[in-house]
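Text of the file protein.cif, holding mmCIF, C-alpha atoms:
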data_final
#
loop_
_atom_site.group_PDB
_atom_site.id
_atom_site.type_symbol
_atom_site.label_atom_id
_atom_site.label_comp_id
_atom_site.auth_asym_id
_atom_site.auth_seq_id
_atom_site.Cartn_x
_atom_site.Cartn_y
_atom_site.Cartn_z
ATOM 1 C CA MET D 1 14.126 52.321 -1.164
ATOM 2 C CA THR D 2 11.982 51.810 1.941
ATOM 3 C CA GLN D 3 9.112 53.772 0.405
ATOM 4 C CA ASP D 4 9.063 51.437 -2.620
ATOM 5 C CA ASN D 5 8.845 48.357 -0.371
ATOM 6 C CA SER D 6 6.042 49.950 1.622
ATOM 7 C CA ASP D 7 4.103 50.756 -1.557
ATOM 8 C CA ARG D 8 4.539 47.189 -2.820
ATOM 9 C CA LYS D 9 3.270 45.766 0.469
ATOM 10 C CA GLN D 10 0.217 48.011 0.334
ATOM 11 C CA ILE D 11 -0.531 47.027 -3.254
ATOM 12 C CA ARG D 12 -0.108 43.331 -2.422
ATOM 13 C CA PHE D 13 -2.388 43.713 0.610
ATOM 14 C CA GLY D 14 -4.972 45.494 -1.562
ATOM 15 C CA HIS D 15 -4.963 42.676 -4.108
ATOM 16 C CA GLU D 16 -5.249 40.031 -1.385
ATOM 17 C CA LEU D 17 -8.150 41.910 0.177
ATOM 18 C CA LEU D 18 -9.950 42.194 -3.165
ATOM 19 C CA ASP D 19 -9.431 38.469 -3.762
ATOM 20 C CA LEU D 20 -11.016 37.671 -0.388
ATOM 21 C CA ILE D 21 -13.954 39.982 -1.107
ATOM 22 C CA ASN D 22 -14.476 38.424 -4.549
ATOM 23 C CA LYS D 23 -14.507 34.921 -3.053
ATOM 24 C CA ALA D 24 -16.970 35.934 -0.334
ATOM 25 C CA ARG D 25 -19.404 37.781 -2.591
ATOM 26 C CA GLY D 26 -19.786 34.940 -5.103
ATOM 27 C CA ASP D 27 -21.926 35.884 -8.107
ATOM 28 C CA THR D 28 -23.360 39.139 -6.725
ATOM 29 C CA SER D 29 -22.040 42.510 -7.842
ATOM 30 C CA LEU D 30 -19.486 44.235 -5.649
ATOM 31 C CA SER D 31 -21.754 47.201 -4.914
ATOM 32 C CA ALA D 32 -24.623 44.923 -3.855
ATOM 33 C CA TYR D 33 -22.267 42.906 -1.672
ATOM 34 C CA VAL D 34 -20.852 46.030 0.006
ATOM 35 C CA LYS D 35 -24.351 47.473 0.502
ATOM 36 C CA GLN D 36 -25.551 44.244 2.124
ATOM 37 C CA ALA D 37 -22.441 44.036 4.338
ATOM 38 C CA CYS D 38 -22.910 47.637 5.499
ATOM 39 C CA LYS D 39 -26.596 47.053 6.175
ATOM 40 C CA SER D 40 -25.822 43.899 8.156
ATOM 41 C CA GLN D 41 -23.206 45.726 10.227
ATOM 42 C CA ALA D 42 -25.553 48.637 10.910
ATOM 43 C CA ILE D 43 -28.306 46.269 12.023
ATOM 44 C CA GLN D 44 -25.836 44.432 14.265
ATOM 45 C CA ASP D 45 -24.684 47.734 15.810
ATOM 46 C CA LEU D 46 -28.293 48.771 16.462
ATOM 47 C CA THR D 47 -29.111 45.354 17.897
ATOM 48 C CA ASP D 48 -26.138 45.578 20.270
ATOM 49 C CA HIS D 49 -27.292 49.035 21.371
ATOM 50 C CA VAL D 50 -30.863 47.898 21.821
ATOM 51 C CA ASP D 51 -29.925 44.744 23.769
ATOM 52 C CA ASN D 52 -27.853 46.727 26.258
ATOM 53 C CA HIS D 53 -30.389 49.470 26.952
ATOM 54 C CA LYS D 54 -33.776 47.742 27.024
ATOM 55 C CA GLU D 55 -34.884 49.534 23.891
ATOM 56 C CA LYS D 56 -36.167 48.331 20.544
ATOM 57 C CA LEU D 57 -35.840 49.426 16.932
ATOM 58 C CA CYS D 58 -39.167 50.141 15.244
ATOM 59 C CA LYS D 59 -39.205 48.338 11.898
ATOM 60 C CA SER D 60 -41.585 50.917 10.446
ATOM 61 C CA CYS D 61 -40.137 54.331 11.364
ATOM 62 C CA GLY D 62 -36.583 53.161 12.107
ATOM 63 C CA THR D 63 -36.267 54.887 15.481
ATOM 64 C CA ILE D 64 -35.101 53.344 18.731
ATOM 65 C CA LYS D 65 -37.733 53.584 21.457
ATOM 66 C CA PRO D 66 -38.218 52.169 24.968
ATOM 67 C CA LEU D 67 -39.865 48.748 25.156
ATOM 68 C CA SER D 68 -42.916 50.368 26.722
ATOM 69 C CA ASN D 69 -43.706 51.927 23.306
ATOM 70 C CA PHE D 70 -44.270 48.459 21.804
ATOM 71 C CA ALA D 71 -47.291 46.222 22.383
ATOM 72 C CA ALA D 72 -46.672 42.896 24.097
ATOM 73 C CA ASP D 73 -46.430 39.728 21.988
ATOM 74 C CA LYS D 74 -45.198 36.573 23.705
ATOM 75 C CA SER D 75 -44.403 34.882 20.391
ATOM 76 C CA LYS D 76 -41.607 37.408 19.607
ATOM 77 C CA SER D 77 -38.047 37.133 20.912
ATOM 78 C CA LEU D 78 -38.191 40.292 23.057
ATOM 79 C CA GLY D 79 -41.858 39.766 23.847
ATOM 80 C CA ARG D 80 -42.858 42.843 21.820
ATOM 81 C CA VAL D 81 -44.236 43.496 18.315
ATOM 82 C CA SER D 82 -41.988 44.979 15.622
ATOM 83 C CA LYS D 83 -43.865 48.300 15.135
ATOM 84 C CA CYS D 84 -44.101 50.949 17.847
ATOM 85 C CA LYS D 85 -47.570 51.901 19.072
ATOM 86 C CA THR D 86 -47.515 55.168 17.085
ATOM 87 C CA CYS D 87 -46.673 53.452 13.787
ATOM 88 C CA LYS D 88 -49.171 50.670 14.443
ATOM 89 C CA ALA D 89 -51.926 53.240 15.120
ATOM 90 C CA GLN D 90 -51.043 55.099 11.901
ATOM 91 C CA TYR D 91 -51.036 51.823 9.949
ATOM 92 C CA ASP D 92 -54.416 50.811 11.387
ATOM 93 C CA LYS D 93 -55.866 54.269 10.636
ATOM 94 C CA GLU D 94 -54.723 54.158 6.993
ATOM 95 C CA ARG D 95 -55.953 50.607 6.593
ATOM 96 C CA TYR D 96 -59.380 51.447 8.055
ATOM 97 C CA VAL D 97 -59.860 54.354 5.613
ATOM 98 C CA LYS D 98 -59.414 52.032 2.624
#
Just dump the structure as structure tokens.
Amino acid sequence: MTQDNSDRKQIRFGHELLDLINKARGDTSLSAYVKQACKSQAIQDLTDHVDNHKEKLCKSCGTIKPLSNFAADKSKSLGRVSKCKTCKAQYDKERYVK
């Protein structure tokens, strides 16, 4: 008897959770909503890591590097550009060839 009640509670919780997800996602598909939520959480986790250790995430190669690997830019929030020096040099090299 206890097992049946536990199963019913889990099913009810599952339906309530799905209802909340459906309300939050609006008109977007569930897979797109989940993908965006996971991406947002991953970015938040990386940002927390970066803020605590004086490092920065390169927007080009996706690796976390020390702030010294990024050129200075006073207009940015951390005072550094978004691409590391290596990626910026590669970008400039490819752009110059064209």
Inset, instruction - Measure the distance from atom CA of D:Ser68 to atom CA of D:Tyr96 in Å and round it to one decimal. - result: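 Here the two named atoms are 24.9 Å from each other.
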Inset, instruction - Tell me which protein, DNA and RNA residues are within 7 Å of D:Cys58, counting all atoms listed in the file, leaving out same-chain ones fewer than 3 positions away, and put them as a ChimeraX atom specification. - result: /D:61-64,82-84
Legend entry - Coordinates-based distance that separates atom CA of D:Ser77 from atom CA of D:Glu55 (Å, one decimal):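 Atom CA of D:Glu55 sits 13.1 Å away from atom CA of D:Ser77.
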Legend entry - Point-to-point distance in Å for atom CA of D:Lys54 and atom CA of D:Pro66: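 That distance, rounded to one decimal, is 6.6 Å.
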Inset, instruction - Can you give me, as number ranges by chain, the residues this file yields under the PyMOL selection byres ((chain D and resi 78) around 12)? - result: D: 47, 50-51, 54-57, 67-68, 70-77, 79-82
Using all atoms of stretch 59-75 of chain D that appear in the file, construct an axis-aligned enclosing box with 6 Å of padding on every side and provide its centre coordinates and edge lengths in Å, rounded to one decimal, as lines of an AutoDock Vina configuration file.
center_x = -41.2
center_y = 44.9
center_z = 18.6
size_x = 24.2
size_y = 32.0
size_z = 28.3
Inset, instruction - Can you work out which one of D:Leu18, D:Lys59, D:Asp27, D:Gln44 has the shortest atom-to-atom distance to D:Lys88, counting only C-alpha atoms? - result: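 Of D:Leu18, D:Lys59, D:Asp27, D:Gln44, the one nearest D:Lys88 is D:Lys59, counting only C-alpha atoms.
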